[in-house]
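Participant: See target-v2.tsv below, with TSV, C-alpha atoms and all ligand atoms.
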chain	number	residue	atom	x	y	z
A	15	MET	CA	-181.60	-181.43	-132.56
A	16	ALA	CA	-185.01	-183.04	-132.82
A	17	VAL	CA	-184.12	-186.45	-131.43
A	18	THR	CA	-187.55	-187.04	-129.93
A	19	GLU	CA	-189.26	-186.25	-133.25
A	20	ASP	CA	-186.92	-188.61	-135.09
A	21	ALA	CA	-187.61	-191.25	-132.45
A	22	THR	CA	-191.37	-190.82	-132.80
A	23	ALA	CA	-190.98	-191.29	-136.55
A	24	ILE	CA	-189.42	-194.74	-136.06
A	25	ALA	CA	-191.67	-195.81	-133.17
A	26	GLY	CA	-193.82	-197.97	-135.45
A	27	GLU	CA	-190.84	-199.93	-136.72
A	28	LEU	CA	-189.44	-200.34	-133.21
A	29	THR	CA	-192.82	-201.66	-132.06
A	30	GLN	CA	-192.83	-204.20	-134.89
A	31	LEU	CA	-189.30	-205.32	-134.03
A	32	ARG	CA	-190.11	-205.55	-130.33
A	33	ARG	CA	-193.22	-207.63	-131.01
A	34	ALA	CA	-191.36	-209.94	-133.38
A	35	ILE	CA	-188.69	-210.56	-130.73
A	36	HIS	CA	-191.38	-210.96	-128.07
A	37	ALA	CA	-193.22	-213.63	-130.07
A	38	GLU	CA	-190.08	-215.76	-130.51
A	39	PRO	CA	-188.29	-215.58	-127.16
A	40	GLU	CA	-185.04	-217.46	-126.56
A	41	VAL	CA	-183.32	-218.29	-123.26
A	42	GLY	CA	-179.62	-218.28	-122.38
A	43	LEU	CA	-176.44	-217.48	-124.28
A	44	ASN	CA	-177.44	-218.81	-127.70
A	45	LEU	CA	-180.25	-216.75	-129.23
A	46	PRO	CA	-179.91	-217.23	-133.01
A	47	LEU	CA	-183.38	-215.96	-133.95
A	48	THR	CA	-183.07	-212.84	-131.81
A	49	GLN	CA	-179.57	-212.20	-133.15
A	50	GLN	CA	-180.87	-212.51	-136.74
A	51	LYS	CA	-183.66	-210.00	-136.12
A	52	ILE	CA	-181.25	-207.47	-134.60
A	53	VAL	CA	-178.67	-207.85	-137.38
A	54	ALA	CA	-181.43	-207.44	-139.99
A	55	ALA	CA	-182.73	-204.32	-138.24
A	56	LEU	CA	-179.23	-202.78	-138.24
A	57	ASP	CA	-178.71	-203.55	-141.93
A	58	GLY	CA	-177.86	-200.52	-144.02
A	59	LEU	CA	-176.62	-198.41	-141.11
A	60	PRO	CA	-172.99	-197.19	-141.15
A	61	LEU	CA	-171.96	-199.60	-138.41
A	62	GLU	CA	-169.12	-202.07	-137.90
A	63	VAL	CA	-171.02	-205.18	-136.78
A	64	THR	CA	-169.34	-208.20	-135.18
A	65	LEU	CA	-170.99	-211.32	-133.81
A	66	GLY	CA	-169.91	-213.14	-130.65
A	67	SER	CA	-168.13	-216.52	-130.63
A	68	ALA	CA	-169.00	-217.89	-127.19
A	69	LEU	CA	-172.51	-216.45	-127.39
A	70	SER	CA	-174.89	-215.00	-129.99
A	71	SER	CA	-174.07	-211.40	-129.17
A	72	VAL	CA	-174.06	-208.45	-131.57
A	73	THR	CA	-171.54	-205.63	-131.19
A	74	ALA	CA	-171.96	-202.62	-133.45
A	75	VAL	CA	-169.61	-199.64	-133.57
A	76	LEU	CA	-170.59	-196.26	-134.97
A	77	ARG	CA	-167.63	-194.02	-135.71
A	78	GLY	CA	-168.50	-190.36	-135.60
A	79	GLY	CA	-166.89	-187.46	-137.40
A	80	GLY	CA	-164.23	-186.92	-134.73
A	81	SER	CA	-161.68	-189.09	-132.93
A	82	GLY	CA	-163.04	-188.44	-129.45
A	83	PRO	CA	-163.88	-191.00	-126.77
A	84	ALA	CA	-166.24	-193.95	-127.03
A	85	VAL	CA	-169.52	-194.42	-125.19
A	86	LEU	CA	-171.07	-197.87	-124.72
A	87	LEU	CA	-174.84	-198.48	-124.72
A	88	ARG	CA	-176.10	-201.88	-123.67
A	89	ALA	CA	-179.27	-203.91	-124.22
A	90	ASP	CA	-179.80	-207.48	-123.08
A	91	MET	CA	-181.61	-209.85	-125.45
A	92	ASP	CA	-182.65	-212.98	-123.53
A	93	ALA	CA	-186.00	-214.26	-122.25
A	94	LEU	CA	-186.99	-216.43	-119.29
A	95	PRO	CA	-188.35	-219.96	-118.83
A	96	VAL	CA	-191.81	-218.62	-117.99
A	97	ALA	CA	-195.09	-219.66	-119.65
A	98	GLU	CA	-196.67	-216.38	-120.79
A	99	ARG	CA	-200.25	-215.69	-119.64
A	100	THR	CA	-200.66	-212.05	-120.75
A	101	GLY	CA	-203.08	-212.89	-123.57
A	102	LEU	CA	-201.40	-210.24	-125.78
A	103	GLY	CA	-201.81	-210.56	-129.53
A	104	PHE	CA	-198.02	-210.84	-129.95
A	105	ALA	CA	-197.55	-213.16	-126.95
A	106	SER	CA	-194.86	-215.83	-127.04
A	107	ARG	CA	-195.35	-218.58	-129.58
A	108	ILE	CA	-192.69	-220.70	-127.87
A	109	ASP	CA	-194.03	-222.90	-125.07
A	110	GLY	CA	-192.67	-222.17	-121.62
A	111	THR	CA	-190.57	-219.20	-122.77
A	112	MET	CA	-191.41	-215.53	-122.33
A	113	HIS	CA	-189.83	-212.10	-122.51
A	114	ALA	CA	-191.00	-211.52	-118.93
A	115	CYS	CA	-188.16	-209.09	-118.10
A	116	GLY	CA	-188.69	-206.74	-121.05
A	117	HIS	CA	-185.36	-207.46	-122.77
A	118	ASP	CA	-187.29	-207.46	-126.05
A	119	LEU	CA	-187.92	-203.74	-125.48
A	120	HIS	CA	-184.26	-203.13	-124.60
A	121	SER	CA	-183.14	-204.70	-127.89
A	122	ALA	CA	-185.61	-202.63	-129.90
A	123	MET	CA	-184.69	-199.40	-128.08
A	124	LEU	CA	-180.99	-199.95	-128.74
A	125	VAL	CA	-181.68	-200.61	-132.44
A	126	GLY	CA	-183.62	-197.33	-132.35
A	127	ALA	CA	-180.67	-195.53	-130.78
A	128	ALA	CA	-178.40	-196.95	-133.49
A	129	ARG	CA	-180.75	-195.56	-136.15
A	130	LEU	CA	-180.98	-192.14	-134.48
A	131	LEU	CA	-177.25	-191.82	-133.92
A	132	SER	CA	-176.36	-193.08	-137.40
A	133	ALA	CA	-178.45	-190.25	-138.82
A	134	ARG	CA	-176.32	-187.79	-136.86
A	135	ARG	CA	-173.02	-189.53	-137.35
A	136	ALA	CA	-171.17	-186.51	-138.69
A	137	GLU	CA	-172.03	-184.48	-135.56
A	138	LEU	CA	-170.58	-187.10	-133.20
A	139	PRO	CA	-167.09	-186.24	-131.98
A	140	GLY	CA	-166.41	-189.86	-130.95
A	141	SER	CA	-167.67	-193.43	-131.25
A	142	VAL	CA	-170.65	-195.33	-129.90
A	143	VAL	CA	-170.54	-199.05	-129.10
A	144	PHE	CA	-173.91	-200.82	-129.20
A	145	MET	CA	-173.75	-203.93	-127.01
A	146	PHE	CA	-176.54	-206.45	-127.68
A	147	GLN	CA	-176.06	-209.09	-125.03
A	148	PRO	CA	-177.55	-212.57	-124.58
A	149	GLY	CA	-177.67	-214.45	-121.29
A	150	GLU	CA	-178.36	-211.75	-118.72
A	151	GLU	CA	-180.75	-213.93	-116.69
A	152	GLY	CA	-178.15	-215.83	-114.68
A	153	HIS	CA	-175.84	-216.80	-117.55
A	154	GLY	CA	-173.30	-214.00	-117.22
A	155	GLY	CA	-173.45	-212.98	-120.89
A	156	ALA	CA	-171.87	-209.60	-120.15
A	157	ARG	CA	-168.75	-211.31	-118.82
A	158	PHE	CA	-168.35	-213.33	-122.03
A	159	MET	CA	-168.76	-210.18	-124.13
A	160	ILE	CA	-166.14	-208.39	-122.01
A	161	GLU	CA	-163.77	-211.34	-122.56
A	162	GLU	CA	-164.43	-211.02	-126.31
A	163	GLY	CA	-163.48	-207.34	-126.18
A	164	VAL	CA	-166.74	-205.37	-126.24
A	165	LEU	CA	-165.37	-202.65	-123.95
A	166	ASP	CA	-162.56	-201.95	-126.46
A	167	ALA	CA	-164.64	-202.54	-129.62
A	168	ALA	CA	-164.13	-198.93	-130.77
A	169	GLY	CA	-160.34	-199.33	-130.65
A	170	GLN	CA	-160.16	-197.70	-127.24
A	171	ARG	CA	-161.68	-198.45	-123.84
A	172	ALA	CA	-165.22	-197.04	-123.53
A	173	ALA	CA	-165.20	-193.87	-121.41
A	174	ALA	CA	-168.76	-194.39	-120.14
A	175	ALA	CA	-171.47	-197.07	-120.29
A	176	TYR	CA	-175.23	-196.90	-119.89
A	177	ALA	CA	-177.99	-199.50	-119.72
A	178	LEU	CA	-181.75	-199.02	-119.62
A	179	HIS	CA	-184.11	-201.51	-117.95
A	180	VAL	CA	-187.88	-201.44	-118.22
A	181	ALA	CA	-190.15	-202.22	-115.26
A	182	SER	CA	-193.71	-203.50	-115.68
A	183	ALA	CA	-194.65	-202.19	-112.21
A	184	GLU	CA	-193.51	-199.89	-109.39
A	185	LEU	CA	-192.50	-196.99	-111.68
A	186	PRO	CA	-195.20	-195.01	-113.50
A	187	PHE	CA	-195.22	-195.21	-117.30
A	188	GLY	CA	-192.43	-193.24	-118.94
A	189	VAL	CA	-190.62	-192.34	-115.72
A	190	PHE	CA	-186.86	-192.90	-115.55
A	191	SER	CA	-185.10	-193.66	-112.29
A	192	THR	CA	-181.56	-194.18	-111.08
A	193	ARG	CA	-179.34	-193.44	-108.10
A	194	GLU	CA	-175.73	-192.85	-107.18
A	195	GLY	CA	-173.77	-195.81	-105.85
A	196	PRO	CA	-175.27	-199.29	-105.41
A	197	MET	CA	-178.21	-199.75	-107.81
A	198	MET	CA	-178.79	-203.51	-107.77
A	199	ALA	CA	-177.77	-206.28	-105.39
A	200	ALA	CA	-175.06	-208.86	-105.74
A	201	ALA	CA	-176.59	-212.31	-106.09
A	202	GLU	CA	-174.99	-215.62	-105.21
A	203	ALA	CA	-176.41	-219.09	-105.77
A	204	LEU	CA	-175.05	-221.44	-103.10
A	205	ASP	CA	-175.59	-225.21	-103.30
A	206	ILE	CA	-175.12	-227.14	-100.06
A	207	THR	CA	-174.99	-230.90	-99.53
A	208	VAL	CA	-174.95	-232.20	-95.95
A	209	THR	CA	-173.67	-235.77	-95.92
A	210	GLY	CA	-174.25	-238.19	-93.08
A	211	ARG	CA	-174.95	-241.90	-93.06
A	212	GLY	CA	-178.34	-243.40	-93.75
A	213	GLY	CA	-180.03	-246.03	-91.64
A	214	HIS	CA	-183.22	-247.27	-89.99
A	215	GLY	CA	-185.50	-244.54	-88.70
A	216	SER	CA	-185.83	-246.36	-85.36
A	217	GLN	CA	-182.06	-246.51	-84.79
A	218	PRO	CA	-180.69	-243.01	-85.33
A	219	HIS	CA	-177.65	-243.73	-83.14
A	220	HIS	CA	-176.43	-246.20	-85.77
A	221	ALA	CA	-176.82	-243.58	-88.49
A	222	ALA	CA	-175.69	-239.96	-88.95
A	223	ASP	CA	-178.91	-238.10	-89.76
A	224	PRO	CA	-178.38	-235.12	-92.10
A	225	ILE	CA	-181.92	-233.73	-91.71
A	226	PRO	CA	-181.73	-232.10	-88.24
A	227	VAL	CA	-178.25	-230.82	-89.09
A	228	ALA	CA	-179.52	-229.25	-92.32
A	229	CYS	CA	-182.42	-227.71	-90.35
A	230	GLU	CA	-179.93	-226.23	-87.91
A	231	ILE	CA	-177.97	-224.80	-90.83
A	232	VAL	CA	-181.12	-223.08	-92.15
A	233	THR	CA	-181.84	-221.37	-88.84
A	234	ALA	CA	-178.17	-220.58	-88.18
A	235	LEU	CA	-177.96	-218.79	-91.53
A	236	GLN	CA	-180.85	-216.53	-90.45
A	237	ALA	CA	-179.20	-215.86	-87.07
A	238	MET	CA	-176.01	-215.00	-88.98
A	239	VAL	CA	-177.91	-212.42	-91.04
A	240	THR	CA	-179.34	-210.65	-87.99
A	241	ARG	CA	-176.25	-210.87	-85.75
A	242	ARG	CA	-173.30	-210.33	-88.06
A	243	PHE	CA	-174.49	-207.69	-90.54
A	244	ASP	CA	-174.99	-203.97	-90.25
A	245	ILE	CA	-178.70	-203.25	-90.78
A	246	PHE	CA	-177.67	-200.27	-92.93
A	247	ASP	CA	-175.65	-202.55	-95.23
A	248	PRO	CA	-178.10	-205.42	-95.33
A	249	VAL	CA	-177.96	-208.93	-96.75
A	250	VAL	CA	-180.74	-211.37	-97.65
A	251	VAL	CA	-180.26	-215.14	-97.31
A	252	THR	CA	-183.08	-217.37	-98.57
A	253	VAL	CA	-183.00	-221.16	-98.52
A	254	GLY	CA	-185.35	-221.70	-101.43
A	255	SER	CA	-184.98	-225.45	-101.79
A	256	PHE	CA	-184.53	-228.21	-99.15
A	257	HIS	CA	-184.58	-231.85	-100.23
A	258	ALA	CA	-183.84	-234.99	-98.22
A	259	GLY	CA	-185.19	-238.47	-97.73
A	260	THR	CA	-187.78	-240.72	-99.31
A	261	THR	CA	-190.07	-242.00	-96.53
A	262	ASN	CA	-190.77	-241.75	-92.80
A	263	ASN	CA	-188.72	-244.67	-91.48
A	264	VAL	CA	-185.51	-244.31	-93.46
A	265	ILE	CA	-182.74	-241.92	-92.49
A	266	PRO	CA	-181.23	-240.59	-95.75
A	267	ASP	CA	-177.56	-240.25	-96.52
A	268	GLU	CA	-177.75	-236.62	-97.42
A	269	ALA	CA	-179.74	-233.39	-97.49
A	270	LYS	CA	-179.47	-230.80	-100.25
A	271	LEU	CA	-180.14	-227.09	-99.87
A	272	GLU	CA	-180.21	-224.35	-102.50
A	273	VAL	CA	-179.68	-220.82	-101.29
A	274	THR	CA	-179.79	-217.36	-102.82
A	275	ILE	CA	-177.82	-214.58	-101.15
A	276	ARG	CA	-178.21	-210.85	-101.88
A	277	SER	CA	-175.92	-208.05	-100.72
A	278	PHE	CA	-175.40	-204.39	-101.60
A	279	SER	CA	-171.73	-203.65	-101.04
A	280	PRO	CA	-168.53	-205.49	-101.95
A	281	GLN	CA	-167.68	-205.64	-98.22
A	282	ALA	CA	-170.97	-207.24	-97.17
A	283	ARG	CA	-170.76	-209.56	-100.15
A	284	ALA	CA	-167.32	-210.88	-99.16
A	285	LEU	CA	-168.40	-211.27	-95.53
A	286	VAL	CA	-171.66	-213.07	-96.29
A	287	ARG	CA	-169.98	-215.52	-98.67
A	288	ASP	CA	-167.31	-216.44	-96.10
A	289	SER	CA	-169.68	-216.49	-93.14
A	290	ALA	CA	-172.30	-218.68	-94.82
A	291	VAL	CA	-169.71	-221.26	-95.84
A	292	ARG	CA	-168.24	-221.33	-92.33
A	293	VAL	CA	-171.66	-221.76	-90.69
A	294	VAL	CA	-172.46	-224.71	-92.97
A	295	HIS	CA	-169.18	-226.56	-92.47
A	296	GLN	CA	-168.87	-225.97	-88.76
A	297	ILE	CA	-172.44	-226.95	-87.91
A	298	ALA	CA	-172.01	-230.14	-89.93
A	299	ALA	CA	-168.70	-230.80	-88.17
A	300	ALA	CA	-170.22	-230.14	-84.74
A	301	HIS	CA	-172.49	-233.13	-85.32
A	302	GLY	CA	-169.84	-235.35	-86.91
A	303	LEU	CA	-171.15	-234.91	-90.45
A	304	THR	CA	-169.59	-233.30	-93.48
A	305	ALA	CA	-170.90	-230.72	-95.93
A	306	THR	CA	-169.94	-229.37	-99.32
A	307	THR	CA	-170.64	-225.82	-100.43
A	308	GLU	CA	-170.49	-224.60	-103.99
A	309	PHE	CA	-171.24	-221.17	-105.39
A	310	THR	CA	-172.82	-222.06	-108.74
A	311	GLY	CA	-173.46	-218.59	-110.11
A	312	SER	CA	-173.07	-215.07	-108.94
A	313	TYR	CA	-173.28	-211.46	-110.05
A	314	PRO	CA	-171.45	-208.61	-108.30
A	315	VAL	CA	-173.17	-205.51	-106.91
A	316	THR	CA	-174.28	-203.18	-109.73
A	317	ILE	CA	-172.65	-199.91	-108.67
A	318	ASN	CA	-173.43	-196.72	-110.56
A	319	ASN	CA	-170.66	-194.17	-110.83
A	320	ASP	CA	-171.88	-191.11	-108.89
A	321	THR	CA	-170.97	-188.62	-111.61
A	322	GLU	CA	-172.49	-190.73	-114.39
A	323	ALA	CA	-175.71	-191.32	-112.41
A	324	ARG	CA	-176.06	-187.55	-111.84
A	325	PHE	CA	-175.30	-186.94	-115.50
A	326	ALA	CA	-177.98	-189.45	-116.62
A	327	ALA	CA	-180.55	-187.97	-114.24
A	328	GLY	CA	-179.70	-184.50	-115.56
A	329	VAL	CA	-180.13	-185.63	-119.19
A	330	VAL	CA	-183.58	-187.11	-118.44
A	331	THR	CA	-184.70	-183.98	-116.62
A	332	ASP	CA	-183.33	-181.56	-119.20
A	333	PHE	CA	-184.37	-183.58	-122.24
A	334	LEU	CA	-187.77	-184.93	-121.19
A	335	GLY	CA	-188.74	-182.82	-118.18
A	336	GLY	CA	-188.47	-183.01	-114.40
A	337	ASP	CA	-191.69	-185.02	-114.07
A	338	ARG	CA	-190.09	-187.83	-116.06
A	339	TYR	CA	-187.39	-188.47	-113.45
A	340	HIS	CA	-187.78	-190.06	-109.99
A	341	PRO	CA	-184.64	-190.49	-107.93
A	342	GLN	CA	-184.46	-194.07	-106.66
A	343	ALA	CA	-184.28	-194.12	-102.88
A	344	ASN	CA	-182.87	-197.60	-102.34
A	345	PRO	CA	-181.03	-200.15	-104.44
A	346	MET	CA	-183.13	-202.99	-105.85
A	347	ALA	CA	-182.62	-206.54	-104.53
A	348	GLY	CA	-182.56	-207.98	-108.04
A	349	ALA	CA	-179.19	-208.48	-109.71
A	350	GLU	CA	-177.73	-207.56	-113.10
A	351	ASP	CA	-174.69	-208.63	-115.05
A	352	PHE	CA	-174.25	-205.05	-116.28
A	353	SER	CA	-172.41	-205.00	-112.93
A	354	TYR	CA	-169.42	-206.53	-114.77
A	355	VAL	CA	-169.39	-203.62	-117.22
A	356	LEU	CA	-169.64	-201.11	-114.36
A	357	GLU	CA	-166.68	-202.79	-112.63
A	358	GLU	CA	-164.57	-201.77	-115.66
A	359	VAL	CA	-166.17	-198.57	-116.99
A	360	PRO	CA	-167.90	-195.71	-115.15
A	361	GLY	CA	-171.56	-195.62	-116.02
A	362	ALA	CA	-175.14	-195.89	-114.89
A	363	PHE	CA	-177.98	-198.40	-114.93
A	364	ILE	CA	-181.29	-196.63	-115.40
A	365	MET	CA	-184.82	-198.00	-114.86
A	366	LEU	CA	-187.73	-196.98	-117.08
A	367	GLY	CA	-191.39	-197.44	-116.12
A	368	ALA	CA	-193.27	-199.35	-118.82
A	369	CYS	CA	-196.45	-200.19	-116.92
A	370	PRO	CA	-199.35	-199.64	-119.36
A	371	PRO	CA	-201.07	-196.28	-118.76
A	372	GLY	CA	-204.27	-196.82	-116.78
A	373	VAL	CA	-202.79	-199.76	-114.86
A	374	ASN	CA	-201.73	-199.11	-111.25
A	375	PRO	CA	-197.94	-199.54	-111.11
A	376	GLY	CA	-198.29	-200.29	-107.38
A	377	THR	CA	-200.20	-203.50	-108.03
A	378	ALA	CA	-199.30	-204.49	-111.62
A	379	PRO	CA	-197.47	-207.82	-112.07
A	380	PHE	CA	-193.73	-207.17	-111.84
A	381	ASN	CA	-190.91	-208.32	-114.13
A	382	HIS	CA	-190.57	-212.14	-114.33
A	383	SER	CA	-194.32	-212.65	-113.80
A	384	ALA	CA	-196.18	-214.64	-116.47
A	385	LEU	CA	-198.61	-211.70	-116.46
A	386	ALA	CA	-196.05	-208.87	-116.75
A	387	VAL	CA	-196.99	-206.39	-119.49
A	388	PHE	CA	-194.57	-203.79	-120.84
A	389	ASP	CA	-196.07	-201.05	-122.98
A	390	ASP	CA	-194.61	-200.45	-126.47
A	391	MET	CA	-195.18	-196.74	-126.09
A	392	VAL	CA	-191.93	-196.37	-124.12
A	393	LEU	CA	-189.81	-197.50	-127.06
A	394	ALA	CA	-189.39	-194.10	-128.72
A	395	ASP	CA	-188.39	-192.33	-125.51
A	396	GLY	CA	-186.08	-195.18	-124.52
A	397	ALA	CA	-184.32	-195.04	-127.90
A	398	ALA	CA	-184.15	-191.24	-127.76
A	399	LEU	CA	-182.70	-191.25	-124.25
A	400	PHE	CA	-180.04	-193.81	-125.18
A	401	ALA	CA	-179.08	-191.58	-128.13
A	402	GLU	CA	-179.16	-188.39	-126.08
A	403	LEU	CA	-176.94	-189.91	-123.36
A	404	ALA	CA	-174.36	-190.81	-126.00
A	405	VAL	CA	-174.51	-187.43	-127.79
A	406	ARG	CA	-174.24	-185.37	-124.60
A	407	ARG	CA	-171.53	-187.57	-123.07
A	408	LEU	CA	-169.46	-187.28	-126.27
A	409	THR	CA	-169.97	-183.57	-126.77
A	410	GLY	CA	-170.00	-182.56	-123.06
B	501	ZN	ZN	-184.89	-210.29	-115.22
B	502	ZN	ZN	-183.84	-207.94	-116.92
Just give me the structure of the file as structure tokens.

Facilitator:
Amino acid sequence: MAVTEDATAIAGELTQLRRAIHAEPEVGLNLPLTQQKIVAALDGLPLEVTLGSALSSVTAVLRGGGSGPAVLLRADMDALPVAERTGLGFASRIDGTMHACGHDLHSAMLVGAARLLSARRAELPGSVVFMFQPGEEGHGGARFMIEEGVLDAAGQRAAAAYALHVASAELPFGVFSTREGPMMAAAEALDITVTGRGGHGSQPHHAADPIPVACEIVTALQAMVTRRFDIFDPVVVTVGSFHAGTTNNVIPDEAKLEVTIRSFSPQARALVRDSAVRVVHQIAAAHGLTATTEFTGSYPVTINNDTEARFAAGVVTDFLGGDRYHPQANPMAGAEDFSYVLEEVPGAFIMLGACPPGVNPGTAPFNHSALAVFDDMVLADGAALFAELAVRRLTG
């Protein structure tokens, strides 16, 4: 089976598709232009295509020659509110919006996998579900697609699920990487409002000043991290935004904090959520003030199934060569909503180095940077690996 040759043959078309998506990036759950491009690129293939209701997703099912299990392959489609500064010829034409996380490549690679697998449909003993998902960057698009039935799109629950993610730095070009167990962090966004009572800056005893209390909350959260958590099951708590007051001689009514929390196990995640909320409320109460806490968005830990991660690593090594696989030592502190898929279906999330050859991956701008560059040359191998994972998982 000459999957890599077939993939090389369509590399030019995948590059065109990727560049077209890159030039017209869209943010969030509603990506009509991106959806159109993907649907057009799938046209003529023997697929059952359905579009999402709550979001502009595309689900395509390929039914093979047999009635075996189903394998799900996922690509996210959305861009970021970043103003691109790469200077590339196909750079974003939409102000303040950029495919800075490489999801344009994921979409093109998954279209490529659909082409490759469609050509070998008769050989497939089961089905393949292609999941094109909007809203990965904090919008929980995967959850909406699960609610709309993507995991059962083939008429049965997917037996395995795989996602590829490109990296513009850290990994050398063309190198795949994954690990058993936790792969990406859980992320929580926590909004805090500390409410006191405003007054004259010279008469704090007639007011209830939220600023020193909010400061105490910031430091107490850091003490909580170092004193309550196992250093081998770490958490990160960052207060990224702190706003209160208008001028030097007025005590404000309230202080607002925005916090991101990262954790790497369901246990640490539950503990850090509870502990942070308790610290906030009890420090406020200790000073006679009140506080509100609201988790405004969160993703669970992305946990690879051990067997599926070993399987994926084995496919890379066997199919592309041992030098194309680096085991990932530690989970990454970023978060992924593919975590919701992996809560339901065993699978693996796999990174792919897309740093342009000749650029040092140790110093290149990383994903989400306005300068992040992902090389098109990974598209053929990404598409081929997606296809190979599906073929081997179905025939294995
Ligand atoms: Zn991202
Ligand atoms: Zn991403």

Participant: Could you list, as a PDB file with C-alpha atoms, keeping the file's coordinate frame, all the residues within 10 Å of ligand ZN 501 (chain B), counting all atoms listed in the file?

Facilitator:
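This went into result35.pdb:
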ATOM      1  CA  ASP A  90    -179.800-207.480-123.080  1.00  0.00           C
ATOM      2  CA  ASP A  92    -182.650-212.980-123.530  1.00  0.00           C
ATOM      3  CA  ALA A  93    -186.000-214.260-122.250  1.00  0.00           C
ATOM      4  CA  LEU A  94    -186.990-216.430-119.290  1.00  0.00           C
ATOM      5  CA  HIS A 113    -189.830-212.100-122.510  1.00  0.00           C
ATOM      6  CA  ALA A 114    -191.000-211.520-118.930  1.00  0.00           C
ATOM      7  CA  CYS A 115    -188.160-209.090-118.100  1.00  0.00           C
ATOM      8  CA  GLY A 116    -188.690-206.740-121.050  1.00  0.00           C
ATOM      9  CA  HIS A 117    -185.360-207.460-122.770  1.00  0.00           C
ATOM     10  CA  GLU A 150    -178.360-211.750-118.720  1.00  0.00           C
ATOM     11  CA  GLU A 151    -180.750-213.930-116.690  1.00  0.00           C
ATOM     12  CA  GLY A 152    -178.150-215.830-114.680  1.00  0.00           C
ATOM     13  CA  HIS A 179    -184.110-201.510-117.950  1.00  0.00           C
ATOM     14  CA  VAL A 180    -187.880-201.440-118.220  1.00  0.00           C
ATOM     15  CA  ALA A 181    -190.150-202.220-115.260  1.00  0.00           C
ATOM     16  CA  GLY A 348    -182.560-207.980-108.040  1.00  0.00           C
ATOM     17  CA  ALA A 349    -179.190-208.480-109.710  1.00  0.00           C
ATOM     18  CA  GLU A 350    -177.730-207.560-113.100  1.00  0.00           C
ATOM     19  CA  PHE A 380    -193.730-207.170-111.840  1.00  0.00           C
ATOM     20  CA  ASN A 381    -190.910-208.320-114.130  1.00  0.00           C
ATOM     21  CA  HIS A 382    -190.570-212.140-114.330  1.00  0.00           C
ATOM     22  CA  SER A 383    -194.320-212.650-113.800  1.00  0.00           C
TER      23      SER A 383
END

Participant: Which neighbours of Glu137 (chain A) fall inside 7 Å, counting all atoms listed in the file, when residues of the same chain fewer than 3 positions from it are skipped, and could you give them as a PDB file with C-alpha atoms, in the frame of the given file?

Facilitator:
ATOM      1  CA  GLY A  78    -168.500-190.360-135.600  1.00  0.00           C
ATOM      2  CA  GLY A  79    -166.890-187.460-137.400  1.00  0.00           C
ATOM      3  CA  ARG A 134    -176.320-187.790-136.860  1.00  0.00           C
TER       4      ARG A 134
END

Participant: Kindly provide, as JSON, the centre and edge lengths (Å, one decimal) of an axis-aligned box around all atoms of region 69-79 of chain A given in the file, with 3 Å on each side.

Facilitator:
{"center_x": -170.9, "center_y": -202.0, "center_z": -132.4, "size_x": 14.0, "size_y": 35.0, "size_z": 16.0}

Participant: May I have the protein, DNA and RNA residues with an atom at most 7 Å from (-193.4, -217.9, -115.2), counting all atoms listed in the file in the file's coordinates, returned as a list in words?

Facilitator: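 Output: Pro95, Val96, Ala97, Glu98, His382, Ser383 and Ala384 of chain A.
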
Participant: Find, counting only C-alpha atoms, the residue in A:Ala305, A:Leu56, A:Leu61, A:Val164 that gets nearest to Arg88 (chain A).

Facilitator: A:Val164

Participant: Quote the spacing between CA of Leu271 (chain A) and CA of Ala222 (chain A) in Å to one decimal place.

Facilitator: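 Going from CA of Leu271 (chain A) over to CA of Ala222 (chain A) covers 17.5 Å.
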